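Engineer: Sharing a structure with you now.
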Amino acid sequence: MKSITPLSFCKISKLVGSLLGHWQHSCRQREFCVHEVTMSRPFTLFLREYAKRQAITILWLTLILVTTLLLRRLAKLLRFWIKGNRLPGPPLKVPLGRFCAISKTGCPSDFSIYLAALHKQYGPIVRVWLGPTHLLVSVNDHEIIKNVMALSKDRVPATRTALELAFGKESIFISTYKKARKKRFSLHRVLNGNIVEKLHSISIQVCNQVDKWTTPGLSGMELDAQVLSQHMVFSVLGAILFGDSFLVWPSAEEFEKLLFMISEKVCYWARYPVTPFWTDGFKQYKEMCLRAQGLVEEILALSRYMKDKAGTCVTEHKINQYYEGISIFSTGTETKYAEEVWEDTVDSMAVGQDFEADAQDVHENLFGTMFHGCRTMAVIMGCVLTRLAQHPEIQDKVHAEIDLVCGGRSPPSTDDIKKMKYLVAILYESARLLPTRHLLQRCALDHDLKLSPSTIIPAGAVIALPVKVMNMDVQIWGHDVHEFNPDRFLQSFTASDGKPLTYKSKNPFCNAQSPDVPWGVEGKRASLDGKLSSKSLASNPSLLLFGGGSRSCIGRTFAMTEMTSLLASLFQRYKVEVSLEEAPDRCNINIMSQLLPSSKFTLVPRQQ
Ligand code: HEM
């Protein structure tokens with residue numbers, strides 16, 4: 001057996017010592033861990049408890065917030081109901097059923113008839129509940145209407161996809177006043193700027209095109225009043241907004257077709273509370289809108305090119321060169337062109353530094369303006385042509401006025417146009433009988449409308465101004481309200497021997513100070529005085545043709561000048577005659593909607 005040497009003893013004791021040290025260290029470590037575990041459990045529990053309480057607090061706060069909001073909304077709704085119910089009108093359930101029936105027919109004149117009946121029963125202000133949160137207030141007193149137009153600037157913003165597709169989200173026509181204000185101002189400057197001469201010359205240019213239909217062989221050809229007027233107003237408005245190249249633009253025909261097709265469809269699709277994206281009809285409508293926007297870009301690009309490369313004279317040859325030589329439409333640069341054209345075309349629309357519009361906005365607003373302007377003017381012009389074909393005696397007066405004013409000058413000058421009051425009266429009378437809008441809409445979104453201490457229209461209620469009802473009011477227009485009588489817009493006068501003519505107002509709303517008529521009693525002609533103006537015609541508060549107040553039509557002067565110029569140039573050369581095959585039965589005219597039985601007529605050159 002080996003003896004333990006002092007050296008090995010030393011080694012063993014070192015080893016034992018290190019083992020002991022190691023054991024002690026691991027024990028200390030374990031002790032520490034145990035200690036840590038016993039310390040962290042309440043902390044985690046505390047954290048968990050804390051998070052739970054926080055979540056509950058947040059939930060409570062959310063609940064309180066939502067309840068407060070709901071209560072506030074409910075209180076607002078209650079106030080809305082209380083204020084709404086203070087206004088006279090039928091109880092809630094009756095109009096609801098009635099409205100559903102009306103919206104099914106989709107006919108605005110039905111609703112006008114309904115409102116007219118309510119006004120008879122309840123007076124000049126009537127409220128109709130269209131739903132628990134939808135209140136419509138109709139007003140048919142012209143003094144109150146003036147007040148409403150002055151006080152309420154908004155329209156209920158349209159959120160329907162069908163409208164947005166056609167006009168864009170920010171269109172001037174469907175926005176609140178805050179959004180529309182700057183655009184109104186800019187468009188007003190463009191339309192009422194120095195364009196009267198241009199407008200007049202383009203109108204004459206367009207009227208010359210009608211000659212194509214009256215060349216020998218085609219003379220006496222049956223035309224459609226609506227189609228002819230539509231084409232004329234489309235060409236003039238297009239040339240004003242997009243420049244001369246519009247008149248020779250190869251895609252103009254397609255654009256015209258699309259514009260009027262969209263105008264027929266837009267109301268139909270906007271009636272759906274939930275847009276039926278899945279239907280083929282809606283898909284087609286969407287494609288039409290997109291194509292129309294594409295065409296707006298195309299014409300803007302073309303005008304830009306013509307302005308830069310071809311100077312001011314636009315010829316078909318140059319247009320062809322443009323389409324053949326520069327395929328900008330396939331290179332995707334059209335947007336750039338369009339944006340530049342926007343700057344040029346609508347530069348003057350920019351109000352100071354704060355008006356910034358992107359290309360999309362411009363396209364949509366140009367399309368909206370074309371849409372609204374063409375539709376309204378085409379309807380009125382079409383009616384004038386049809387009515388004059390039906391009333392040859394009135395047409396004779398028009399011819400006489402044109403001959404008298406123009407004195408053989410051909411075509412009529414801009415000064416001549418300003419003197420044609422009888423023609424203007426015809427335009428107003430046609431629009432009175434068949435207004436372009438049956439109802440005007442107003443709304444005060446953020447404040448109640450206090451019309452008198454006892455009459456308060458709550459904020460958010462839709463205020464309807466029933467144009468059709470006003471236009472057919474016997475109290476305002478007399479017992480011949482259903483007759484086509486342009487003289488009602490003019491004042492009759494009698495001349496006593498050698499003395500100046502004295503004027504009598506036929507219409508209680510006409511301003512007796514500014515008569516301006518070439519026709520006297522017994523058809524005697526009065527001398528035409530250049531100082532006289534048509535203000536009395538246009539300022540008749542009962543005729544809501546162009547609306548009024550801060551949302552009135554910006555194109556009023558433009559439209560009247562364009563329509564008078566076109567009609568004067570046309571009637572200087574032609575007579576319109578009722579198409580023999582479809583002679584309209586005058587008794588058949590629908591009393592309320594005044595739908596004309598036939599719009600077919602023939603153009604016969606006048607012998608001068
Ligand atoms: C005979 C032709 C026209 C008629 C009967 C007509 C009628 C109207 C009516 C009733 C309104 C609504 C007014 C209101 O709510 O108080 C309106 C608005 C408007 N019109 Fe015309 N209009 C005609 C032509 C034009 C033309 C040619 C243009 C432009 C080129 C035009 C531009 C506008 C604009 C921009 C608005 C919207 C104003 C806004 O909402 O603030 N109108 N028009």
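Identifiers in the structure tokens: chain A, B, ... in order shown; residue index from 1 per chain; ligand index from 1 in order shown.
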List all protein, DNA and RNA residues that have at least one atom no more than 7 Å from any atom of ligand 1, counting only C-alpha atoms and all ligand atoms, and write them as a count of residues only.
Structural biologist: 39
Engineer: Step one, run DSSP on the backbone; step two, keep only residues of range 401-481 of chain A assigned to strand (DSSP E or B); then write them as a ChimeraX atom specification.
Structural biologist: /A:439-443,449-452,455-457,462-466
Engineer: Export, as a short mmCIF file (atom, residue, chain, number, x, y, z; two decimals), in the first residue's frame, the selected residues with C-alpha atoms.
Structural biologist:
data_model
loop_
_atom_site.label_atom_id
_atom_site.label_comp_id
_atom_site.auth_asym_id
_atom_site.auth_seq_id
_atom_site.Cartn_x
_atom_site.Cartn_y
_atom_site.Cartn_z
CA LEU A 439 -86.96 71.37 -57.26
CA LEU A 440 -84.03 73.41 -56.02
CA GLN A 441 -82.27 72.16 -52.96
CA ARG A 442 -80.80 74.12 -50.07
CA CYS A 443 -79.53 73.20 -46.65
CA LEU A 449 -82.50 78.70 -40.16
CA LYS A 450 -84.61 81.25 -38.33
CA LEU A 451 -87.14 82.56 -40.83
CA SER A 452 -89.32 84.22 -38.18
CA THR A 455 -90.50 79.42 -37.91
CA ILE A 456 -87.18 77.69 -37.43
CA ILE A 457 -85.89 75.13 -39.88
CA VAL A 462 -83.26 69.63 -46.75
CA ILE A 463 -85.09 72.72 -47.95
CA ALA A 464 -86.91 72.20 -51.22
CA LEU A 465 -87.84 75.16 -53.35
CA PRO A 466 -90.49 73.78 -55.67
#
